[in-house]
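Chemist: Enclosed is the structure file query_22.cif (mmCIF, C-alpha atoms).
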data_upload
#
loop_
_atom_site.label_atom_id
_atom_site.label_comp_id
_atom_site.auth_asym_id
_atom_site.auth_seq_id
_atom_site.Cartn_x
_atom_site.Cartn_y
_atom_site.Cartn_z
CA MET A 186 0.00 0.00 0.00
CA ALA A 187 2.88 2.37 0.87
CA ARG A 188 4.37 1.70 -2.58
CA ILE A 189 1.06 2.59 -4.30
CA ARG A 190 0.76 5.88 -2.37
CA SER A 191 4.37 6.72 -3.21
CA GLN A 192 3.73 6.10 -6.89
CA GLY A 193 0.65 8.29 -6.72
CA VAL A 194 2.60 11.16 -5.16
CA ARG A 195 5.29 10.89 -7.82
CA ALA A 196 2.64 10.92 -10.55
CA ARG A 197 1.04 14.07 -9.15
CA ILE A 198 4.44 15.80 -8.96
CA ALA A 199 5.17 14.86 -12.59
CA VAL A 200 1.80 16.25 -13.73
CA ALA A 201 2.39 19.49 -11.84
CA ALA A 202 5.85 19.89 -13.36
CA SER A 203 4.47 19.28 -16.83
CA ALA A 204 1.74 21.89 -16.35
CA ALA A 205 4.32 24.42 -15.16
CA ALA A 206 6.42 23.80 -18.25
CA VAL A 207 3.42 24.31 -20.53
CA ALA A 208 2.53 27.56 -18.76
CA ALA A 209 6.09 28.83 -19.15
CA THR A 210 6.03 28.05 -22.86
CA VAL A 211 2.71 29.85 -23.36
CA TRP A 212 3.99 32.88 -21.46
CA GLY A 213 7.08 32.95 -23.65
CA VAL A 214 4.96 32.94 -26.80
CA VAL A 215 2.70 35.71 -25.47
CA ALA A 216 5.72 37.81 -24.55
CA PHE A 217 7.21 37.30 -28.02
CA VAL A 218 4.16 38.54 -29.96
CA ASP A 219 3.38 42.25 -30.10
CA PRO A 220 -0.44 42.47 -29.98
CA GLY A 221 -0.50 46.21 -30.42
CA HIS A 222 0.06 46.33 -34.20
CA HIS A 223 -1.67 45.10 -37.30
CA GLY A 224 0.18 43.70 -40.31
CA SER A 225 0.28 45.52 -43.62
CA ARG A 226 -0.80 44.01 -46.93
CA ASP A 227 1.10 46.54 -49.01
CA GLY A 228 4.51 48.15 -48.94
CA ALA A 229 3.18 51.37 -50.45
CA PRO A 230 2.18 54.40 -48.36
CA GLY A 231 -1.45 55.39 -48.41
CA GLN A 232 -2.48 51.85 -47.51
CA THR A 233 -2.99 50.54 -43.98
CA GLN A 234 0.53 50.00 -42.76
CA ASP A 235 1.86 49.02 -39.35
CA GLN A 236 4.37 51.41 -37.82
CA ASN A 237 6.65 51.18 -34.82
CA ARG A 238 6.26 54.53 -33.11
CA THR A 239 7.27 55.61 -29.65
CA PRO A 240 4.83 57.85 -27.72
CA ASP A 241 6.68 60.96 -28.93
CA GLY A 242 6.20 59.92 -32.55
CA LYS A 243 9.79 58.93 -33.25
CA ASN A 244 10.70 55.82 -35.19
CA GLY A 245 11.43 52.72 -33.16
CA GLY A 246 14.56 50.73 -33.83
CA ASN A 247 17.33 48.70 -32.30
CA SER A 248 21.05 48.20 -32.56
CA GLY A 249 20.87 44.90 -34.45
CA PRO A 250 23.41 42.12 -34.00
CA ALA A 251 26.85 42.79 -32.57
CA GLY A 252 29.00 44.69 -35.05
CA SER A 253 26.09 45.44 -37.38
CA GLY A 254 26.77 49.18 -37.28
CA PRO A 255 24.24 52.05 -36.93
CA LEU A 256 20.71 51.60 -35.70
CA VAL A 257 18.35 50.03 -38.23
CA PRO A 258 14.77 51.19 -37.56
CA GLU A 259 11.88 48.74 -37.68
CA THR A 260 9.70 51.16 -39.64
CA ILE A 261 9.14 50.57 -43.36
CA ALA A 262 11.47 52.68 -45.50
CA HIS A 263 10.44 54.48 -48.69
CA ALA A 264 12.67 57.56 -48.83
CA SER A 265 15.91 57.80 -50.80
CA GLU A 266 19.28 58.34 -49.18
CA SER A 267 19.98 60.90 -51.88
CA GLY A 268 16.94 63.00 -50.91
CA GLY A 269 15.61 65.66 -53.24
CA ASP A 270 13.89 64.14 -56.24
CA ALA A 271 16.03 60.98 -56.34
CA VAL A 272 14.34 57.73 -57.33
CA ASN A 273 15.02 54.26 -55.89
CA ILE A 274 14.83 51.40 -58.40
CA THR A 275 14.03 48.06 -56.75
CA ILE A 276 13.94 44.67 -58.50
CA ASP A 277 12.08 41.69 -57.00
CA ASP A 278 11.93 37.88 -57.11
CA GLY A 279 15.25 36.92 -58.72
CA PRO A 280 17.90 36.26 -59.49
CA ASP A 281 16.88 34.63 -62.76
CA PRO A 282 19.45 33.37 -65.31
CA ARG A 283 17.54 34.81 -68.25
CA TRP A 284 16.19 38.12 -66.98
CA THR A 285 18.57 39.34 -64.27
CA PRO A 286 21.48 39.77 -66.73
CA ARG A 287 19.24 41.79 -69.04
CA ILE A 288 18.09 43.99 -66.17
CA LEU A 289 21.72 44.48 -65.14
CA ASP A 290 22.62 45.48 -68.70
CA VAL A 291 19.93 48.17 -68.73
CA LEU A 292 21.02 49.52 -65.35
CA LYS A 293 24.64 49.63 -66.48
CA ARG A 294 23.71 51.49 -69.66
CA TYR A 295 22.26 54.34 -67.58
CA ASP A 296 24.80 54.04 -64.74
CA VAL A 297 21.99 53.36 -62.28
CA LYS A 298 22.34 51.38 -59.06
CA ALA A 299 19.36 49.36 -57.85
CA THR A 300 18.27 47.25 -54.89
CA PHE A 301 17.66 43.58 -55.72
CA CYS A 302 15.14 41.82 -53.47
CA MET A 303 16.08 38.16 -53.82
CA VAL A 304 14.33 34.91 -52.93
CA GLY A 305 16.61 32.60 -50.94
CA PRO A 306 16.47 29.44 -53.10
CA GLN A 307 16.93 31.53 -56.26
CA ALA A 308 20.08 33.06 -54.81
CA LYS A 309 21.40 29.65 -53.81
CA ALA A 310 20.74 28.29 -57.32
CA HIS A 311 22.46 31.23 -59.05
CA PRO A 312 25.36 32.48 -56.91
CA ASP A 313 27.13 33.79 -60.01
CA LEU A 314 24.26 36.23 -60.58
CA VAL A 315 24.22 37.33 -56.94
CA LYS A 316 27.92 38.10 -57.17
CA LYS A 317 27.38 39.94 -60.46
CA VAL A 318 24.73 42.11 -58.78
CA VAL A 319 27.13 42.96 -55.98
CA GLN A 320 30.02 43.61 -58.37
CA GLY A 321 27.79 46.04 -60.24
CA GLY A 322 27.51 48.19 -57.11
CA HIS A 323 23.90 47.24 -56.38
CA ARG A 324 22.47 46.37 -52.95
CA LEU A 325 20.85 43.19 -51.68
CA CYS A 326 17.44 42.76 -50.11
CA ASP A 327 15.90 39.69 -48.43
CA HIS A 328 12.61 38.64 -50.08
CA THR A 329 12.17 35.46 -47.96
CA MET A 330 12.48 31.78 -48.83
CA ASP A 331 9.13 30.99 -50.44
CA HIS A 332 7.61 34.37 -51.38
CA ASP A 333 4.59 33.59 -49.22
CA THR A 334 2.26 36.59 -49.54
CA ARG A 335 0.25 35.33 -46.57
CA MET A 336 3.15 35.02 -44.18
CA ASP A 337 1.65 37.78 -42.04
CA LYS A 338 -1.00 35.21 -41.09
CA LYS A 339 1.62 32.63 -40.07
CA PRO A 340 3.36 32.01 -36.70
CA VAL A 341 6.28 34.17 -35.69
CA ALA A 342 8.64 31.18 -35.86
CA TYR A 343 7.66 30.68 -39.51
CA GLN A 344 8.27 34.34 -40.32
CA GLU A 345 11.68 34.20 -38.66
CA GLN A 346 12.65 31.07 -40.60
CA GLN A 347 11.55 32.62 -43.89
CA ILE A 348 13.56 35.79 -43.28
CA LEU A 349 16.74 34.47 -41.69
CA GLU A 350 17.23 31.41 -43.89
CA ALA A 351 16.88 33.59 -47.00
CA LYS A 352 19.37 36.10 -45.59
CA LYS A 353 21.86 33.31 -44.97
CA LEU A 354 21.51 31.87 -48.49
CA ILE A 355 21.76 35.26 -50.19
CA GLU A 356 24.86 36.27 -48.24
CA GLU A 357 26.52 32.91 -48.86
CA ALA A 358 25.83 33.27 -52.59
CA ALA A 359 27.14 36.84 -52.50
CA GLY A 360 30.48 35.74 -51.12
CA GLY A 361 30.41 38.05 -48.13
CA ALA A 362 28.27 41.04 -49.13
CA LYS A 363 25.58 41.85 -46.58
CA VAL A 364 21.83 41.92 -47.12
CA GLU A 365 20.79 45.45 -46.20
CA TYR A 366 16.98 45.39 -46.53
CA TYR A 367 13.99 43.13 -46.03
CA ARG A 368 10.89 43.30 -48.23
CA ALA A 369 7.86 41.22 -47.27
CA PRO A 370 6.24 39.38 -50.21
CA GLY A 371 3.14 41.30 -51.26
CA GLY A 372 3.88 43.83 -48.52
CA ALA A 373 2.81 41.31 -45.84
CA PHE A 374 4.79 42.96 -43.07
CA THR A 375 4.09 42.35 -39.39
CA PRO A 376 5.57 44.01 -36.30
CA ASP A 377 7.44 40.77 -35.64
CA SER A 378 8.85 40.42 -39.16
CA ARG A 379 10.01 44.04 -39.07
CA ARG A 380 11.61 43.51 -35.67
CA ILE A 381 13.36 40.33 -36.80
CA ALA A 382 14.68 42.04 -39.92
CA ALA A 383 15.92 45.15 -38.10
CA ALA A 384 17.55 43.08 -35.35
CA ASN A 385 19.56 41.39 -38.08
CA GLY A 386 20.68 44.58 -39.80
CA MET A 387 17.98 44.75 -42.51
CA ARG A 388 15.72 47.79 -42.93
CA PRO A 389 12.13 46.88 -43.86
CA LEU A 390 11.60 48.19 -47.38
CA GLY A 391 8.33 49.24 -48.98
CA TRP A 392 7.52 50.88 -52.30
CA ASN A 393 5.65 53.90 -53.61
CA VAL A 394 5.15 52.98 -57.26
CA ASP A 395 3.89 49.51 -58.17
CA THR A 396 4.46 49.24 -61.90
CA LYS A 397 2.29 46.08 -62.05
CA ASP A 398 4.91 44.72 -64.44
CA PHE A 399 4.38 41.27 -62.91
CA GLU A 400 0.96 41.18 -64.59
CA LYS A 401 2.50 41.99 -68.00
CA PRO A 402 0.06 44.83 -68.86
CA GLY A 403 2.23 46.08 -71.73
CA VAL A 404 5.35 48.23 -71.81
CA ALA A 405 3.42 51.48 -72.21
CA ALA A 406 1.21 50.70 -69.21
CA ILE A 407 4.24 49.99 -67.03
CA VAL A 408 6.00 53.20 -68.07
CA ASN A 409 2.84 55.27 -67.63
CA ALA A 410 2.35 53.84 -64.13
CA VAL A 411 5.74 55.22 -63.13
CA LYS A 412 5.06 58.65 -64.66
CA ARG A 413 1.61 58.76 -63.06
CA GLU A 414 2.57 57.57 -59.57
CA ILE A 415 6.11 58.89 -59.06
CA ASP A 416 4.77 61.83 -57.06
CA ASN A 417 3.60 59.26 -54.47
CA GLY A 418 7.23 58.76 -53.47
CA PRO A 419 10.61 57.67 -54.76
CA THR A 420 10.70 53.86 -54.54
CA VAL A 421 9.69 52.01 -57.73
CA LEU A 422 8.95 48.28 -57.94
CA PHE A 423 10.03 46.10 -60.89
CA HIS A 424 10.57 42.32 -61.25
CA ASP A 425 13.32 40.20 -62.81
CA ALA A 426 11.77 36.75 -62.28
CA GLY A 427 8.47 34.90 -62.02
CA GLY A 428 7.82 34.49 -65.73
CA ASN A 429 8.57 36.26 -68.98
CA ARG A 430 9.98 39.66 -68.04
CA THR A 431 10.47 41.08 -71.54
CA GLN A 432 8.06 43.91 -70.77
CA SER A 433 9.86 44.67 -67.49
CA VAL A 434 13.22 44.96 -69.24
CA GLU A 435 11.90 47.21 -72.01
CA ALA A 436 9.87 49.35 -69.62
CA LEU A 437 12.83 49.80 -67.26
CA ASP A 438 14.88 51.03 -70.21
CA GLN A 439 12.23 53.60 -71.09
CA VAL A 440 11.73 54.66 -67.47
CA LEU A 441 15.44 55.26 -66.92
CA ALA A 442 15.62 57.25 -70.16
CA TRP A 443 12.67 59.37 -68.99
CA LEU A 444 14.22 59.94 -65.55
CA GLU A 445 17.43 61.03 -67.26
CA GLU A 446 15.47 63.48 -69.43
CA GLN A 447 13.77 64.82 -66.31
CA GLY A 448 17.13 65.31 -64.62
CA ARG A 449 16.12 63.01 -61.78
CA PRO A 450 18.95 61.11 -60.10
CA THR A 451 18.66 57.61 -58.68
CA GLY A 452 19.77 56.28 -55.32
CA PHE A 453 19.28 53.70 -52.61
CA PRO A 454 16.51 53.54 -49.99
CA VAL A 455 17.35 54.83 -46.52
CA ARG A 456 18.58 52.24 -44.01
CA THR A 457 19.24 54.21 -40.82
CA GLU A 458 17.98 57.43 -39.29
CA ALA A 459 21.27 59.03 -40.33
CA ASP A 460 20.43 58.21 -43.98
CA THR A 461 17.05 59.94 -43.84
CA PRO A 462 16.98 63.15 -45.90
CA SER A 463 15.99 66.48 -44.38
CA ALA A 464 12.39 67.63 -44.04
CA SER A 465 12.71 69.49 -47.33
CA ALA A 466 12.93 66.18 -49.24
CA PRO A 467 9.81 64.54 -50.72
CA PRO A 468 7.77 62.66 -48.09
CA SER A 469 8.21 58.90 -47.81
#
Any chance you could give the structure as structure tokens?
Modeler:
Amino acid sequence: MARIRSQGVRARIAVAASAAAVAATVWGVVAFVDPGHHGSRDGAPGQTQDQNRTPDGKNGGNSGPAGSGPLVPETIAHASESGGDAVNITIDDGPDPRWTPRILDVLKRYDVKATFCMVGPQAKAHPDLVKKVVQGGHRLCDHTMDHDTRMDKKPVAYQEQQILEAKKLIEEAAGGAKVEYYRAPGGAFTPDSRRIAAANGMRPLGWNVDTKDFEKPGVAAIVNAVKREIDNGPTVLFHDAGGNRTQSVEALDQVLAWLEEQGRPTGFPVRTEADTPSASAPPS
């Protein structure tokens, strides 16, 4: 009988310990999620977009990993480091062995530097193209592993895996160059994905002009979208993968020629508060 009571006591202790462990895990998850923000479905301003603001209205941010340099804010960037009427050209979804070289040729012809938002497996499959992008003086952006446009509906652990694994693959393919931005597929940012990106040295990156080139509406329609929407802000979205990008290549050529005629320079998106242009620059 004493043995049975002893076994019963041990069983109750084991159950209690298990319950405590479960409670600790739940508390950890609750502490990890920021319930005070809502995810964005678009990287363009004018849409509902989560922001990380302190009570005094300043941008939130953090120091990132050790040795990562200046503070990288968690807020979504749109402005250009060059300020004024400078335009940021951003290229998504590659690298692609057929289209990325053609995009690079157009950029080189106009002496324009762009930001390439790459998908992790694509970078791993084409390290030569990643290196060519870097050698051309362009910057790298993390566009996740699977381009999941619903990742804002997924667990934080999934978002972290999508972002950090892609960063690792892109940087390995680049041979040492750092990924400086993070762009959520379809603009599906969350407070957690922005925090994860910033903590790892990547500024969340939005856009102001969606050329809709992915839908292949025709070269003229793509070019006209830029001319019509450029007053919304300086960051323009193009693609170099995900299907036939003939229209994207031709439209980019025409857009860069038009910007040159207009006397508008090009630049890179801001990364840190120190990069942000003065108040006299166009709003982001």
Chemist: Which residues of segment 396-466 of chain A have any atom within 9 Å of an atom in segment 384-389 of chain A when counting all atoms listed in the file, and what is the closest pair of atoms for each, with the distance in Å to one decimal? Order the rows by chain and rising number and write it as CSV.
Modeler:
residue,atom,partner,partner_atom,distance
A:Val455,CA,A:Arg388,CA,8.1
A:Arg456,CA,A:Arg388,CA,5.4
A:Thr457,CA,A:Arg388,CA,7.6
Chemist: Applied to this file, what does the PyMOL selection byres ((chain A and resi 453) around 10) return in terms of residues, put as a ChimeraX atom specification?
Modeler: /A:263-268,271-275,298-300,323-324,419-420,451-452,454-456,460
Chemist: Determine, counting all atoms listed in the file, which protein, DNA and RNA residues have an atom within 8 Å of an atom of segment 365-371 of chain A; residues of the same chain fewer than 4 positions away are not included. Present the result as number ranges by chain.
Modeler: A: 226-228, 302, 324-329, 332-334, 348, 382, 386-391, 456
Chemist: How would the residues just picked look written out with C-alpha atoms as an mmCIF file, in the coordinates of the input?
Modeler:
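Listing of out36.cif after writing:
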data_model
loop_
_atom_site.group_PDB
_atom_site.id
_atom_site.type_symbol
_atom_site.label_atom_id
_atom_site.label_comp_id
_atom_site.auth_asym_id
_atom_site.auth_seq_id
_atom_site.Cartn_x
_atom_site.Cartn_y
_atom_site.Cartn_z
ATOM 1 C CA ARG A 226 -0.800 44.010 -46.930
ATOM 2 C CA ASP A 227 1.100 46.540 -49.010
ATOM 3 C CA GLY A 228 4.510 48.150 -48.940
ATOM 4 C CA CYS A 302 15.140 41.820 -53.470
ATOM 5 C CA ARG A 324 22.470 46.370 -52.950
ATOM 6 C CA LEU A 325 20.850 43.190 -51.680
ATOM 7 C CA CYS A 326 17.440 42.760 -50.110
ATOM 8 C CA ASP A 327 15.900 39.690 -48.430
ATOM 9 C CA HIS A 328 12.610 38.640 -50.080
ATOM 10 C CA THR A 329 12.170 35.460 -47.960
ATOM 11 C CA HIS A 332 7.610 34.370 -51.380
ATOM 12 C CA ASP A 333 4.590 33.590 -49.220
ATOM 13 C CA THR A 334 2.260 36.590 -49.540
ATOM 14 C CA ILE A 348 13.560 35.790 -43.280
ATOM 15 C CA ALA A 382 14.680 42.040 -39.920
ATOM 16 C CA GLY A 386 20.680 44.580 -39.800
ATOM 17 C CA MET A 387 17.980 44.750 -42.510
ATOM 18 C CA ARG A 388 15.720 47.790 -42.930
ATOM 19 C CA PRO A 389 12.130 46.880 -43.860
ATOM 20 C CA LEU A 390 11.600 48.190 -47.380
ATOM 21 C CA GLY A 391 8.330 49.240 -48.980
ATOM 22 C CA ARG A 456 18.580 52.240 -44.010
#
Chemist: Can you pull out every residue within 12 Å of Ile381 of chain A, counting all atoms listed in the file, but drop anything in the same chain fewer than 2 positions away, and send it as number ranges by chain?
Modeler: A: 217-218, 246-250, 257-260, 327, 341-349, 352, 366-367, 369, 374-379, 383-389
Chemist: Please evaluate the PyMOL selection byres ((chain A and resi 291) around 12) against the structure above and give the resulting residues as a list in words.
Modeler: Ile274, Trp284, Thr285, Pro286, Arg287, Ile288, Leu289, Asp290, Leu292, Lys293, Arg294, Tyr295, Asp296, Val297, Lys298, Ala299, Gly321, Asp425, Ser433, Val434, Glu435, Ala436, Leu437, Asp438, Gln439, Val440, Leu441 and Ala442 of chain A
Chemist: Those residues you just picked out, can you put them in a file as a short mmCIF file (atom, residue, chain, number, x, y, z; two decimals), in the coordinates of the input with C-alpha atoms?
Modeler:
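Writing the result to result32.cif gives the following:
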data_model
loop_
_atom_site.label_atom_id
_atom_site.label_comp_id
_atom_site.auth_asym_id
_atom_site.auth_seq_id
_atom_site.Cartn_x
_atom_site.Cartn_y
_atom_site.Cartn_z
CA ILE A 274 14.83 51.40 -58.40
CA TRP A 284 16.19 38.12 -66.98
CA THR A 285 18.57 39.34 -64.27
CA PRO A 286 21.48 39.77 -66.73
CA ARG A 287 19.24 41.79 -69.04
CA ILE A 288 18.09 43.99 -66.17
CA LEU A 289 21.72 44.48 -65.14
CA ASP A 290 22.62 45.48 -68.70
CA LEU A 292 21.02 49.52 -65.35
CA LYS A 293 24.64 49.63 -66.48
CA ARG A 294 23.71 51.49 -69.66
CA TYR A 295 22.26 54.34 -67.58
CA ASP A 296 24.80 54.04 -64.74
CA VAL A 297 21.99 53.36 -62.28
CA LYS A 298 22.34 51.38 -59.06
CA ALA A 299 19.36 49.36 -57.85
CA GLY A 321 27.79 46.04 -60.24
CA ASP A 425 13.32 40.20 -62.81
CA SER A 433 9.86 44.67 -67.49
CA VAL A 434 13.22 44.96 -69.24
CA GLU A 435 11.90 47.21 -72.01
CA ALA A 436 9.87 49.35 -69.62
CA LEU A 437 12.83 49.80 -67.26
CA ASP A 438 14.88 51.03 -70.21
CA GLN A 439 12.23 53.60 -71.09
CA VAL A 440 11.73 54.66 -67.47
CA LEU A 441 15.44 55.26 -66.92
CA ALA A 442 15.62 57.25 -70.16
#
Chemist: For the file shown, what are the residues hit by the PyMOL selection byres ((chain A and resi 337) around 7), laid out as an mmCIF file with C-alpha atoms, keeping the file's coordinate frame?
Modeler:
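Below you can see part.cif, which holds the result:
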data_model
loop_
_atom_site.group_PDB
_atom_site.id
_atom_site.type_symbol
_atom_site.label_atom_id
_atom_site.label_comp_id
_atom_site.auth_asym_id
_atom_site.auth_seq_id
_atom_site.Cartn_x
_atom_site.Cartn_y
_atom_site.Cartn_z
ATOM 1 C CA GLY A 224 0.180 43.700 -40.310
ATOM 2 C CA ARG A 335 0.250 35.330 -46.570
ATOM 3 C CA MET A 336 3.150 35.020 -44.180
ATOM 4 C CA LYS A 338 -1.000 35.210 -41.090
ATOM 5 C CA LYS A 339 1.620 32.630 -40.070
ATOM 6 C CA ALA A 373 2.810 41.310 -45.840
ATOM 7 C CA PHE A 374 4.790 42.960 -43.070
ATOM 8 C CA THR A 375 4.090 42.350 -39.390
#
Chemist: Go ahead and compute the interatomic distance for atom CA of Asp281 of chain A and atom CA of Asn409 of chain A, in Å to one decimal.
Modeler: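 Between atom CA of Asp281 of chain A and atom CA of Asn409 of chain A the gap works out to 25.4 Å.
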Chemist: Of the residues A:Arg380, A:Asn393, A:Ala308, A:Val404, which is the one nearest to Glu357 of chain A, using all atoms listed in the file?
Modeler: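 Among the listed residues, the smallest separation from Glu357 of chain A belongs to A:Ala308.
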Chemist: Grab the atom CA of Ala426 of chain A to atom CA of Gly448 of chain A distance for me, in Å with one decimal place.
Modeler: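 Taking atom CA of Ala426 of chain A and atom CA of Gly448 of chain A, their separation equals 29.2 Å.
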Chemist: So what do you get for atom CA of Arg430 of chain A versus atom CA of Asp395 of chain A, distance-wise?
Modeler: 15.2 Å
Chemist: Can you work out which one of A:Pro462, A:Gly372, A:Gly322, A:Gly360 has the shortest atom-to-atom distance to Leu422 of chain A, counting only C-alpha atoms?
Modeler: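 Closest to Leu422 of chain A of all the choices is A:Gly372.
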Chemist: Of the candidates A:Glu356, A:Glu350, A:Asp331, A:Asp278, which one gets nearest to Pro312 of chain A if we count all atoms listed in the file?
Modeler: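 Once distances to Pro312 of chain A are computed over all atoms listed in the file, the minimum belongs to A:Glu356.
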Chemist: Identify, on the basis of all atoms listed in the file, every residue whose closest approach to Ile276 of chain A does not exceed 6 Å; exclude the query and any residue fewer than 5 positions from it along the same chain; express the result as number ranges by chain.
Modeler: A: 301-302, 423-424
Chemist: Which of these residues is nearest to Asn429 of chain A, using all atoms listed in the file: A:Phe399, A:Glu458, A:Asp270, A:Pro340?
Modeler: A:Phe399
Chemist: Go through A:Val421, A:Leu354, A:Val364, A:Val304 one by one, measure the shortest atom-to-atom distance of each to Ile407 of chain A using only C-alpha atoms, and give the residue with the smallest value.
Modeler: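 Of A:Val421, A:Leu354, A:Val364, A:Val304, the one nearest Ile407 of chain A is A:Val421, counting only C-alpha atoms.
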